[in-house]
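A.B. asks: One file: final_16.cif (mmCIF, N, CA and C atoms).
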```cif
data_final
loop_
_atom_site.label_atom_id
_atom_site.label_comp_id
_atom_site.auth_asym_id
_atom_site.auth_seq_id
_atom_site.Cartn_x
_atom_site.Cartn_y
_atom_site.Cartn_z
N MET A 453 67.35 143.47 0.11
CA MET A 453 68.47 143.93 -0.70
C MET A 453 69.18 145.09 0.00
N ASP A 454 68.39 145.90 0.74
CA ASP A 454 69.00 147.00 1.50
C ASP A 454 69.97 146.47 2.55
N ASP A 455 69.58 145.39 3.22
CA ASP A 455 70.45 144.80 4.24
C ASP A 455 71.72 144.23 3.62
N VAL A 456 71.60 143.60 2.48
CA VAL A 456 72.77 143.05 1.78
C VAL A 456 73.71 144.18 1.41
N ALA A 457 73.18 145.24 0.87
CA ALA A 457 74.01 146.39 0.48
C ALA A 457 74.73 146.97 1.70
N ALA A 458 74.00 147.12 2.79
CA ALA A 458 74.61 147.67 4.01
C ALA A 458 75.73 146.78 4.51
N GLN A 459 75.50 145.46 4.53
CA GLN A 459 76.53 144.53 4.99
C GLN A 459 77.76 144.56 4.08
N ALA A 460 77.52 144.77 2.79
CA ALA A 460 78.62 144.79 1.83
C ALA A 460 79.31 146.15 1.77
N GLY A 461 78.70 147.15 2.38
CA GLY A 461 79.28 148.49 2.36
C GLY A 461 79.16 149.18 1.01
N VAL A 462 78.09 148.85 0.28
CA VAL A 462 77.85 149.47 -1.03
C VAL A 462 76.42 149.99 -1.07
N GLY A 463 76.13 150.77 -2.08
CA GLY A 463 74.78 151.27 -2.26
C GLY A 463 73.87 150.18 -2.80
N VAL A 464 72.58 150.30 -2.54
CA VAL A 464 71.64 149.29 -2.98
C VAL A 464 71.60 149.21 -4.52
N GLY A 465 71.87 150.33 -5.18
CA GLY A 465 71.92 150.32 -6.65
C GLY A 465 73.01 149.41 -7.17
N THR A 466 74.13 149.36 -6.47
CA THR A 466 75.23 148.47 -6.86
C THR A 466 74.80 147.02 -6.76
N VAL A 467 74.10 146.69 -5.70
CA VAL A 467 73.61 145.31 -5.53
C VAL A 467 72.67 144.97 -6.68
N TYR A 468 71.75 145.89 -6.99
CA TYR A 468 70.78 145.61 -8.06
C TYR A 468 71.44 145.54 -9.44
N ARG A 469 72.54 146.25 -9.65
CA ARG A 469 73.25 146.16 -10.94
C ARG A 469 73.83 144.77 -11.14
N HIS A 470 74.30 144.17 -10.07
CA HIS A 470 74.88 142.82 -10.16
C HIS A 470 73.82 141.73 -10.05
N PHE A 471 72.78 141.99 -9.27
CA PHE A 471 71.73 141.01 -9.02
C PHE A 471 70.38 141.71 -9.15
N PRO A 472 69.78 141.65 -10.33
CA PRO A 472 68.55 142.41 -10.57
C PRO A 472 67.36 141.98 -9.72
N THR A 473 67.41 140.77 -9.18
CA THR A 473 66.31 140.30 -8.32
C THR A 473 66.89 139.59 -7.10
N LYS A 474 66.06 139.40 -6.10
CA LYS A 474 66.48 138.63 -4.93
C LYS A 474 66.79 137.20 -5.33
N SER A 475 66.03 136.67 -6.27
CA SER A 475 66.29 135.30 -6.74
C SER A 475 67.66 135.19 -7.38
N ALA A 476 68.06 136.21 -8.14
CA ALA A 476 69.39 136.19 -8.77
C ALA A 476 70.49 136.20 -7.71
N LEU A 477 70.29 136.99 -6.67
CA LEU A 477 71.26 137.04 -5.57
C LEU A 477 71.33 135.70 -4.86
N MET A 478 70.18 135.15 -4.52
CA MET A 478 70.16 133.84 -3.85
C MET A 478 70.77 132.77 -4.75
N GLY A 479 70.47 132.84 -6.04
CA GLY A 479 71.04 131.89 -6.99
C GLY A 479 72.55 131.95 -7.00
N ALA A 480 73.11 133.15 -6.96
CA ALA A 480 74.57 133.30 -6.95
C ALA A 480 75.17 132.70 -5.68
N LEU A 481 74.50 132.89 -4.55
CA LEU A 481 75.00 132.33 -3.30
C LEU A 481 74.94 130.80 -3.32
N VAL A 482 73.85 130.26 -3.84
CA VAL A 482 73.72 128.80 -3.93
C VAL A 482 74.74 128.25 -4.93
N ALA A 483 75.00 128.98 -6.01
CA ALA A 483 76.00 128.54 -7.00
C ALA A 483 77.37 128.37 -6.35
N GLN A 484 77.72 129.29 -5.46
CA GLN A 484 79.00 129.17 -4.75
C GLN A 484 79.05 127.88 -3.94
N LYS A 485 77.97 127.54 -3.27
CA LYS A 485 77.94 126.30 -2.48
C LYS A 485 78.04 125.08 -3.38
N PHE A 486 77.35 125.09 -4.50
CA PHE A 486 77.41 123.95 -5.41
C PHE A 486 78.82 123.78 -5.97
N SER A 487 79.52 124.88 -6.19
CA SER A 487 80.92 124.78 -6.61
C SER A 487 81.76 124.10 -5.53
N GLN A 488 81.49 124.45 -4.28
CA GLN A 488 82.21 123.81 -3.18
C GLN A 488 81.85 122.34 -3.06
N PHE A 489 80.56 122.00 -3.28
CA PHE A 489 80.16 120.59 -3.29
C PHE A 489 80.97 119.83 -4.33
N ALA A 490 81.11 120.41 -5.53
CA ALA A 490 81.87 119.75 -6.60
C ALA A 490 83.34 119.62 -6.23
N THR A 491 83.90 120.65 -5.61
CA THR A 491 85.29 120.59 -5.16
C THR A 491 85.48 119.46 -4.15
N ASN A 492 84.54 119.34 -3.21
CA ASN A 492 84.62 118.25 -2.23
C ASN A 492 84.62 116.90 -2.93
N ALA A 493 83.77 116.76 -3.94
CA ALA A 493 83.71 115.48 -4.67
C ALA A 493 85.02 115.23 -5.41
N ARG A 494 85.54 116.24 -6.09
CA ARG A 494 86.80 116.06 -6.83
C ARG A 494 87.97 115.73 -5.89
N GLU A 495 87.98 116.35 -4.72
CA GLU A 495 89.05 116.04 -3.76
C GLU A 495 88.98 114.59 -3.30
N SER A 496 87.80 114.02 -3.33
CA SER A 496 87.63 112.62 -2.92
C SER A 496 88.15 111.64 -3.96
N TYR A 497 88.42 112.10 -5.18
CA TYR A 497 88.99 111.22 -6.21
C TYR A 497 90.29 110.59 -5.73
N GLU A 498 91.01 111.31 -4.87
CA GLU A 498 92.32 110.85 -4.40
C GLU A 498 92.23 109.64 -3.46
N ILE A 499 91.06 109.38 -2.92
CA ILE A 499 90.89 108.25 -2.00
C ILE A 499 90.85 106.97 -2.82
N ALA A 500 91.73 106.04 -2.49
CA ALA A 500 91.89 104.83 -3.30
C ALA A 500 90.65 103.94 -3.30
N ASP A 501 90.03 103.75 -2.15
CA ASP A 501 88.87 102.87 -2.06
C ASP A 501 87.64 103.58 -2.66
N PRO A 502 87.02 103.02 -3.69
CA PRO A 502 85.89 103.68 -4.35
C PRO A 502 84.71 103.98 -3.43
N TRP A 503 84.38 103.05 -2.53
CA TRP A 503 83.28 103.33 -1.61
C TRP A 503 83.63 104.47 -0.67
N GLU A 504 84.83 104.43 -0.11
CA GLU A 504 85.24 105.50 0.81
C GLU A 504 85.31 106.84 0.12
N ALA A 505 85.70 106.85 -1.14
CA ALA A 505 85.73 108.11 -1.90
C ALA A 505 84.32 108.69 -2.01
N PHE A 506 83.36 107.84 -2.40
CA PHE A 506 81.98 108.29 -2.51
C PHE A 506 81.44 108.74 -1.15
N ALA A 507 81.61 107.90 -0.13
CA ALA A 507 81.08 108.20 1.20
C ALA A 507 81.71 109.47 1.78
N THR A 508 82.98 109.68 1.52
CA THR A 508 83.66 110.88 2.02
C THR A 508 83.08 112.13 1.36
N ALA A 509 82.89 112.09 0.06
CA ALA A 509 82.29 113.24 -0.63
C ALA A 509 80.88 113.50 -0.11
N PHE A 510 80.12 112.44 0.07
CA PHE A 510 78.76 112.55 0.59
C PHE A 510 78.77 113.22 1.96
N ARG A 511 79.63 112.73 2.85
CA ARG A 511 79.69 113.29 4.22
C ARG A 511 80.18 114.74 4.22
N ARG A 512 81.20 115.04 3.41
CA ARG A 512 81.71 116.41 3.37
C ARG A 512 80.63 117.38 2.87
N ASN A 513 79.89 116.95 1.86
CA ASN A 513 78.85 117.82 1.34
C ASN A 513 77.69 117.96 2.31
N ALA A 514 77.37 116.90 3.02
CA ALA A 514 76.34 116.99 4.06
C ALA A 514 76.78 117.96 5.16
N ASP A 515 78.03 117.88 5.55
CA ASP A 515 78.54 118.77 6.59
C ASP A 515 78.49 120.23 6.12
N LEU A 516 78.86 120.48 4.87
CA LEU A 516 78.81 121.83 4.33
C LEU A 516 77.36 122.34 4.32
N MET A 517 76.44 121.48 3.94
CA MET A 517 75.03 121.83 3.92
C MET A 517 74.51 122.12 5.33
N ALA A 518 74.96 121.33 6.28
CA ALA A 518 74.48 121.48 7.66
C ALA A 518 74.83 122.83 8.24
N HIS A 519 75.89 123.44 7.74
CA HIS A 519 76.34 124.73 8.26
C HIS A 519 75.84 125.90 7.43
N ASP A 520 74.89 125.66 6.53
CA ASP A 520 74.37 126.73 5.69
C ASP A 520 72.85 126.61 5.59
N ALA A 521 72.17 127.30 6.48
CA ALA A 521 70.71 127.25 6.51
C ALA A 521 70.11 127.80 5.21
N GLY A 522 70.81 128.71 4.56
CA GLY A 522 70.32 129.26 3.30
C GLY A 522 70.22 128.20 2.21
N VAL A 523 71.25 127.38 2.08
CA VAL A 523 71.23 126.31 1.09
C VAL A 523 70.14 125.30 1.45
N GLN A 524 70.02 124.98 2.71
CA GLN A 524 68.96 124.06 3.14
C GLN A 524 67.60 124.60 2.74
N TYR A 525 67.37 125.87 3.01
CA TYR A 525 66.08 126.49 2.71
C TYR A 525 65.79 126.45 1.21
N VAL A 526 66.79 126.82 0.42
CA VAL A 526 66.60 126.85 -1.03
C VAL A 526 66.30 125.46 -1.57
N LEU A 527 67.06 124.47 -1.15
CA LEU A 527 66.86 123.12 -1.67
C LEU A 527 65.50 122.56 -1.28
N MET A 528 65.01 122.95 -0.13
CA MET A 528 63.71 122.44 0.33
C MET A 528 62.54 123.25 -0.20
N ASN A 529 62.73 124.55 -0.44
CA ASN A 529 61.58 125.43 -0.68
C ASN A 529 61.58 126.21 -1.99
N ILE A 530 62.73 126.38 -2.61
CA ILE A 530 62.77 127.23 -3.79
C ILE A 530 63.53 126.53 -4.92
N PRO A 531 63.01 125.43 -5.42
CA PRO A 531 63.72 124.71 -6.48
C PRO A 531 63.89 125.54 -7.74
N SER A 532 63.08 126.60 -7.92
CA SER A 532 63.23 127.43 -9.12
C SER A 532 64.59 128.13 -9.15
N LEU A 533 65.24 128.28 -8.00
CA LEU A 533 66.57 128.91 -7.99
C LEU A 533 67.61 128.04 -8.67
N LEU A 534 67.30 126.77 -8.85
CA LEU A 534 68.27 125.88 -9.51
C LEU A 534 68.56 126.34 -10.93
N GLU A 535 67.67 127.14 -11.52
CA GLU A 535 67.92 127.66 -12.88
C GLU A 535 69.14 128.57 -12.90
N TYR A 536 69.49 129.16 -11.78
CA TYR A 536 70.63 130.07 -11.70
C TYR A 536 71.96 129.34 -11.54
N ILE A 537 71.91 128.04 -11.29
CA ILE A 537 73.14 127.34 -10.95
C ILE A 537 73.45 126.18 -11.91
N ALA A 538 72.94 126.27 -13.12
CA ALA A 538 73.11 125.17 -14.08
C ALA A 538 74.57 124.75 -14.26
N PRO A 539 75.51 125.67 -14.47
CA PRO A 539 76.91 125.23 -14.65
C PRO A 539 77.48 124.55 -13.41
N GLU A 540 77.17 125.09 -12.24
CA GLU A 540 77.69 124.51 -11.00
C GLU A 540 77.05 123.16 -10.71
N LYS A 541 75.77 123.02 -11.02
CA LYS A 541 75.11 121.74 -10.83
C LYS A 541 75.69 120.70 -11.78
N ALA A 542 75.97 121.11 -13.02
CA ALA A 542 76.58 120.19 -13.99
C ALA A 542 77.96 119.74 -13.51
N GLU A 543 78.70 120.66 -12.93
CA GLU A 543 80.02 120.36 -12.38
C GLU A 543 79.90 119.35 -11.23
N LEU A 544 78.93 119.56 -10.36
CA LEU A 544 78.71 118.63 -9.25
C LEU A 544 78.25 117.27 -9.77
N ASP A 545 77.32 117.28 -10.72
CA ASP A 545 76.83 116.02 -11.30
C ASP A 545 77.98 115.22 -11.92
N ASP A 546 78.87 115.90 -12.61
CA ASP A 546 80.02 115.22 -13.22
C ASP A 546 80.91 114.61 -12.14
N ALA A 547 81.23 115.39 -11.13
CA ALA A 547 82.14 114.91 -10.08
C ALA A 547 81.52 113.75 -9.29
N MET A 548 80.27 113.90 -8.88
CA MET A 548 79.62 112.81 -8.13
C MET A 548 79.37 111.61 -9.04
N GLY A 549 79.04 111.88 -10.30
CA GLY A 549 78.83 110.79 -11.25
C GLY A 549 80.07 109.92 -11.39
N ARG A 550 81.23 110.54 -11.43
CA ARG A 550 82.48 109.78 -11.52
C ARG A 550 82.69 108.92 -10.28
N LEU A 551 82.44 109.51 -9.11
CA LEU A 551 82.59 108.74 -7.87
C LEU A 551 81.60 107.58 -7.82
N MET A 552 80.39 107.84 -8.24
CA MET A 552 79.35 106.80 -8.21
C MET A 552 79.67 105.69 -9.20
N THR A 553 80.11 106.05 -10.40
CA THR A 553 80.46 105.03 -11.40
C THR A 553 81.58 104.15 -10.89
N ARG A 554 82.58 104.77 -10.30
CA ARG A 554 83.72 104.01 -9.77
C ARG A 554 83.27 103.05 -8.66
N ALA A 555 82.41 103.53 -7.76
CA ALA A 555 81.94 102.68 -6.66
C ALA A 555 81.03 101.55 -7.18
N LYS A 556 80.23 101.84 -8.18
CA LYS A 556 79.38 100.81 -8.78
C LYS A 556 80.22 99.75 -9.49
N ARG A 557 81.27 100.19 -10.15
CA ARG A 557 82.13 99.29 -10.91
C ARG A 557 82.71 98.19 -10.03
N VAL A 558 83.00 98.51 -8.78
CA VAL A 558 83.56 97.50 -7.86
C VAL A 558 82.48 96.85 -6.99
N GLY A 559 81.22 97.18 -7.27
CA GLY A 559 80.12 96.56 -6.54
C GLY A 559 79.89 97.12 -5.15
N ALA A 560 80.37 98.33 -4.89
CA ALA A 560 80.24 98.90 -3.55
C ALA A 560 79.01 99.79 -3.39
N LEU A 561 78.46 100.27 -4.49
CA LEU A 561 77.31 101.17 -4.46
C LEU A 561 76.17 100.52 -5.23
N ARG A 562 74.97 100.64 -4.71
CA ARG A 562 73.78 100.10 -5.39
C ARG A 562 73.79 100.51 -6.86
N LYS A 563 73.55 99.57 -7.73
CA LYS A 563 73.55 99.82 -9.18
C LYS A 563 72.40 100.74 -9.59
N ASP A 564 71.30 100.74 -8.84
CA ASP A 564 70.14 101.53 -9.22
C ASP A 564 70.15 102.95 -8.66
N PHE A 565 71.23 103.35 -8.01
CA PHE A 565 71.34 104.69 -7.43
C PHE A 565 71.93 105.63 -8.48
N GLY A 566 71.13 106.63 -8.89
CA GLY A 566 71.58 107.56 -9.92
C GLY A 566 71.73 108.98 -9.40
N LEU A 567 72.13 109.88 -10.29
CA LEU A 567 72.32 111.28 -9.91
C LEU A 567 71.03 111.93 -9.42
N GLU A 568 69.90 111.56 -10.05
CA GLU A 568 68.63 112.12 -9.58
C GLU A 568 68.37 111.68 -8.15
N ASP A 569 68.72 110.43 -7.86
CA ASP A 569 68.55 109.92 -6.50
C ASP A 569 69.45 110.66 -5.52
N PHE A 570 70.67 110.97 -5.97
CA PHE A 570 71.60 111.69 -5.11
C PHE A 570 70.99 113.03 -4.69
N GLY A 571 70.43 113.76 -5.66
CA GLY A 571 69.80 115.04 -5.36
C GLY A 571 68.63 114.88 -4.40
N MET A 572 67.81 113.85 -4.64
CA MET A 572 66.65 113.60 -3.79
C MET A 572 67.10 113.29 -2.35
N VAL A 573 68.12 112.47 -2.21
CA VAL A 573 68.61 112.09 -0.89
C VAL A 573 69.17 113.31 -0.16
N MET A 574 69.90 114.16 -0.88
CA MET A 574 70.46 115.35 -0.24
C MET A 574 69.35 116.32 0.18
N CYS A 575 68.30 116.44 -0.63
CA CYS A 575 67.17 117.30 -0.24
C CYS A 575 66.46 116.74 0.98
N GLY A 576 66.31 115.42 1.04
CA GLY A 576 65.72 114.80 2.22
C GLY A 576 66.56 115.04 3.46
N LEU A 577 67.85 114.98 3.29
CA LEU A 577 68.77 115.25 4.39
C LEU A 577 68.62 116.70 4.86
N CYS A 578 68.41 117.61 3.91
CA CYS A 578 68.17 119.01 4.26
C CYS A 578 66.97 119.15 5.18
N SER A 579 65.93 118.37 4.93
CA SER A 579 64.74 118.48 5.76
C SER A 579 65.03 118.04 7.19
N THR A 580 65.90 117.04 7.35
CA THR A 580 66.31 116.63 8.69
C THR A 580 67.08 117.76 9.37
N MET A 581 68.00 118.36 8.62
CA MET A 581 68.79 119.46 9.17
C MET A 581 67.91 120.65 9.51
N GLY A 582 66.92 120.90 8.65
CA GLY A 582 66.05 122.06 8.82
C GLY A 582 65.12 121.98 10.01
N MET A 583 65.00 120.82 10.61
CA MET A 583 64.15 120.68 11.79
C MET A 583 64.74 121.38 13.01
N GLY A 584 66.03 121.67 12.94
CA GLY A 584 66.67 122.39 14.04
C GLY A 584 67.38 121.46 15.00
N PRO A 585 68.30 122.01 15.76
CA PRO A 585 69.05 121.22 16.73
C PRO A 585 68.13 120.54 17.73
N GLY A 586 68.47 119.32 18.05
CA GLY A 586 67.72 118.59 19.05
C GLY A 586 66.56 117.79 18.51
N LYS A 587 66.11 118.08 17.29
CA LYS A 587 64.98 117.33 16.71
C LYS A 587 65.45 116.00 16.17
N PHE A 588 66.35 116.06 15.20
CA PHE A 588 66.88 114.85 14.58
C PHE A 588 68.39 114.97 14.46
N ASN A 589 69.06 113.86 14.48
CA ASN A 589 70.51 113.81 14.34
C ASN A 589 70.83 113.59 12.87
N TRP A 590 71.20 114.67 12.16
CA TRP A 590 71.44 114.55 10.73
C TRP A 590 72.64 113.65 10.43
N ARG A 591 73.62 113.58 11.32
CA ARG A 591 74.76 112.69 11.08
C ARG A 591 74.32 111.22 11.09
N ARG A 592 73.40 110.90 11.98
CA ARG A 592 72.84 109.54 11.99
C ARG A 592 72.06 109.28 10.71
N HIS A 593 71.35 110.29 10.24
CA HIS A 593 70.62 110.17 8.98
C HIS A 593 71.60 109.85 7.85
N VAL A 594 72.74 110.53 7.81
CA VAL A 594 73.77 110.25 6.79
C VAL A 594 74.24 108.81 6.90
N ASP A 595 74.53 108.36 8.12
CA ASP A 595 75.00 106.98 8.30
C ASP A 595 73.96 105.97 7.81
N ILE A 596 72.70 106.21 8.11
CA ILE A 596 71.64 105.30 7.67
C ILE A 596 71.53 105.31 6.15
N LEU A 597 71.61 106.48 5.55
CA LEU A 597 71.55 106.58 4.09
C LEU A 597 72.71 105.81 3.45
N LEU A 598 73.91 106.05 3.96
CA LEU A 598 75.08 105.39 3.38
C LEU A 598 75.01 103.87 3.56
N ASP A 599 74.53 103.44 4.72
CA ASP A 599 74.36 101.98 4.93
C ASP A 599 73.40 101.40 3.90
N GLY A 600 72.35 102.12 3.58
CA GLY A 600 71.38 101.65 2.60
C GLY A 600 71.90 101.66 1.18
N LEU A 601 72.88 102.50 0.90
CA LEU A 601 73.44 102.59 -0.45
C LEU A 601 74.61 101.62 -0.66
N HIS A 602 75.25 101.22 0.42
CA HIS A 602 76.42 100.37 0.33
C HIS A 602 75.98 98.91 0.12
N THR A 603 76.56 98.27 -0.86
CA THR A 603 76.21 96.87 -1.13
C THR A 603 77.15 95.93 -0.41
#
```
How would this structure read if it were set down as structure tokens?

C.D. replies:
Amino acid sequence: MDDVAAQAGVGVGTVYRHFPTKSALMGALVAQKFSQFATNARESYEIADPWEAFATAFRRNADLMAHDAGVQYVLMNIPSLLEYIAPEKAELDDAMGRLMTRAKRVGALRKDFGLEDFGMVMCGLCSTMGMGPGKFNWRRHVDILLDGLHT
């Protein structure tokens, strides 16, 4: 918390007034990312092809995750932080749910793929990313996942 305060140019007491615990601070940071995930999904609504809309949101969110080791770490190791991001997760679930429903309606997405599966797949993708550069190609992992989901 001292390092965060120093980077922000404020006293540590100010940090603790806004974030009483490290978990609360991490939760706020993860909430920001989940809001961006939801924005990426909503922006994909504009894509006419339902499969491409879903796949684009999936890829954009994977790319955002790939550039944030903190989100990767939290999703793989600290699921209790999800309690801090309930509104943002609901927003993401709604946005991805709409894309998934649309893609299923035209037969482009597996009918048995649900929101819980989406979260599981993204966490699995985090583990690929978390292995570090040179270990696994996370973009190939995304392509394989999408191929498996596309009907």

A.B. asks: As an exercise, work out the distance from atom N of Asn492 (chain A) to atom N of Ala518 (chain A) in Å and give it to one decimal place.

C.D. replies: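 Pair atom N of Asn492 (chain A) / atom N of Ala518 (chain A) returns 13.6 Å.
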
A.B. asks: Please report the interatomic distance between atom C of Asp546 (chain A) and CA of Trp590 (chain A) in Å with one decimal.

C.D. replies: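 CA of Trp590 (chain A) lies at a distance of 24.8 Å from atom C of Asp546 (chain A).
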
A.B. asks: Just how far from CA of Met548 (chain A) is CA of Leu534 (chain A), in Å to one decimal?

C.D. replies: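 For CA of Leu534 (chain A) relative to CA of Met548 (chain A), the distance reads 17.4 Å.
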
A.B. asks: Kindly indicate which residue among A:Lys541, A:His602, A:Lys587, A:Arg469 lies nearest to Lys563 (chain A), using only C-alpha atoms for the distances.

C.D. replies: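 Of A:Lys541, A:His602, A:Lys587, A:Arg469, the one nearest Lys563 (chain A), counting only C-alpha atoms, is A:His602.
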
A.B. asks: List the residues matched by the PyMOL selection byres (((chain A and resi 533 and name CA) around 10) and name CA) in the displayed structure as a PDB file with N, CA and C atoms, keeping the file's coordinate frame, ordered by chain and then by residue number.

C.D. replies:
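New file expr-v3.pdb:
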```pdb
ATOM      1  N   SER A 475      66.030 136.670  -6.270  1.00  0.00           N
ATOM      2  CA  SER A 475      66.290 135.300  -6.740  1.00  0.00           C
ATOM      3  C   SER A 475      67.660 135.190  -7.380  1.00  0.00           C
ATOM      4  N   ALA A 476      68.060 136.210  -8.140  1.00  0.00           N
ATOM      5  CA  ALA A 476      69.390 136.190  -8.770  1.00  0.00           C
ATOM      6  C   ALA A 476      70.490 136.200  -7.710  1.00  0.00           C
ATOM      7  N   LEU A 477      70.290 136.990  -6.670  1.00  0.00           N
ATOM      8  CA  LEU A 477      71.260 137.040  -5.570  1.00  0.00           C
ATOM      9  C   LEU A 477      71.330 135.700  -4.860  1.00  0.00           C
ATOM     10  N   MET A 478      70.180 135.150  -4.520  1.00  0.00           N
ATOM     11  CA  MET A 478      70.160 133.840  -3.850  1.00  0.00           C
ATOM     12  C   MET A 478      70.770 132.770  -4.750  1.00  0.00           C
ATOM     13  N   GLY A 479      70.470 132.840  -6.040  1.00  0.00           N
ATOM     14  CA  GLY A 479      71.040 131.890  -6.990  1.00  0.00           C
ATOM     15  C   GLY A 479      72.550 131.950  -7.000  1.00  0.00           C
ATOM     16  N   ALA A 480      73.110 133.150  -6.960  1.00  0.00           N
ATOM     17  CA  ALA A 480      74.570 133.300  -6.950  1.00  0.00           C
ATOM     18  C   ALA A 480      75.170 132.700  -5.680  1.00  0.00           C
ATOM     19  N   VAL A 482      73.850 130.260  -3.840  1.00  0.00           N
ATOM     20  CA  VAL A 482      73.720 128.800  -3.930  1.00  0.00           C
ATOM     21  C   VAL A 482      74.740 128.250  -4.930  1.00  0.00           C
ATOM     22  N   ALA A 483      75.000 128.980  -6.010  1.00  0.00           N
ATOM     23  CA  ALA A 483      76.000 128.540  -7.000  1.00  0.00           C
ATOM     24  C   ALA A 483      77.370 128.370  -6.350  1.00  0.00           C
ATOM     25  N   VAL A 526      66.790 126.820   0.420  1.00  0.00           N
ATOM     26  CA  VAL A 526      66.600 126.850  -1.030  1.00  0.00           C
ATOM     27  C   VAL A 526      66.300 125.460  -1.570  1.00  0.00           C
ATOM     28  N   LEU A 527      67.060 124.470  -1.150  1.00  0.00           N
ATOM     29  CA  LEU A 527      66.860 123.120  -1.670  1.00  0.00           C
ATOM     30  C   LEU A 527      65.500 122.560  -1.280  1.00  0.00           C
ATOM     31  N   ASN A 529      62.730 124.550  -0.440  1.00  0.00           N
ATOM     32  CA  ASN A 529      61.580 125.430  -0.680  1.00  0.00           C
ATOM     33  C   ASN A 529      61.580 126.210  -1.990  1.00  0.00           C
ATOM     34  N   ILE A 530      62.730 126.380  -2.610  1.00  0.00           N
ATOM     35  CA  ILE A 530      62.770 127.230  -3.790  1.00  0.00           C
ATOM     36  C   ILE A 530      63.530 126.530  -4.920  1.00  0.00           C
ATOM     37  N   PRO A 531      63.010 125.430  -5.420  1.00  0.00           N
ATOM     38  CA  PRO A 531      63.720 124.710  -6.480  1.00  0.00           C
ATOM     39  C   PRO A 531      63.890 125.540  -7.740  1.00  0.00           C
ATOM     40  N   SER A 532      63.080 126.600  -7.920  1.00  0.00           N
ATOM     41  CA  SER A 532      63.230 127.430  -9.120  1.00  0.00           C
ATOM     42  C   SER A 532      64.590 128.130  -9.150  1.00  0.00           C
ATOM     43  N   LEU A 534      67.300 126.770  -8.850  1.00  0.00           N
ATOM     44  CA  LEU A 534      68.270 125.880  -9.510  1.00  0.00           C
ATOM     45  C   LEU A 534      68.560 126.340 -10.930  1.00  0.00           C
ATOM     46  N   GLU A 535      67.670 127.140 -11.520  1.00  0.00           N
ATOM     47  CA  GLU A 535      67.920 127.660 -12.880  1.00  0.00           C
ATOM     48  C   GLU A 535      69.140 128.570 -12.900  1.00  0.00           C
ATOM     49  N   TYR A 536      69.490 129.160 -11.780  1.00  0.00           N
ATOM     50  CA  TYR A 536      70.630 130.070 -11.700  1.00  0.00           C
ATOM     51  C   TYR A 536      71.960 129.340 -11.540  1.00  0.00           C
ATOM     52  N   ILE A 537      71.910 128.040 -11.290  1.00  0.00           N
ATOM     53  CA  ILE A 537      73.140 127.340 -10.950  1.00  0.00           C
ATOM     54  C   ILE A 537      73.450 126.180 -11.910  1.00  0.00           C
ATOM     55  N   ALA A 538      72.940 126.270 -13.120  1.00  0.00           N
ATOM     56  CA  ALA A 538      73.110 125.170 -14.080  1.00  0.00           C
ATOM     57  C   ALA A 538      74.570 124.750 -14.260  1.00  0.00           C
TER      58      ALA A 538
END
```

A.B. asks: List every residue of chain A that DSSP, applied to the backbone of this structure, places in helix (DSSP H, G or I), and write the result as a PyMOL selection string.

C.D. replies: chain A and resi 454-460+464-470+474-498+502-518+521-529+531-557+567-582+590-601

A.B. asks: Decode the PyMOL selection byres (((chain A and resi 453-459 and name CA) around 12) and name CA) for the given file into explicit residues and return them as a PyMOL selection string.

C.D. replies: chain A and resi 460-478

A.B. asks: Residues picked by the PyMOL selection byres ((chain A and resi 493) around 8) here, as an NGL selection string?

C.D. replies: :A and (487-492 or 494-498 or 505-506 or 508-510 or 512-513 or 544 or 546-548 or 551)
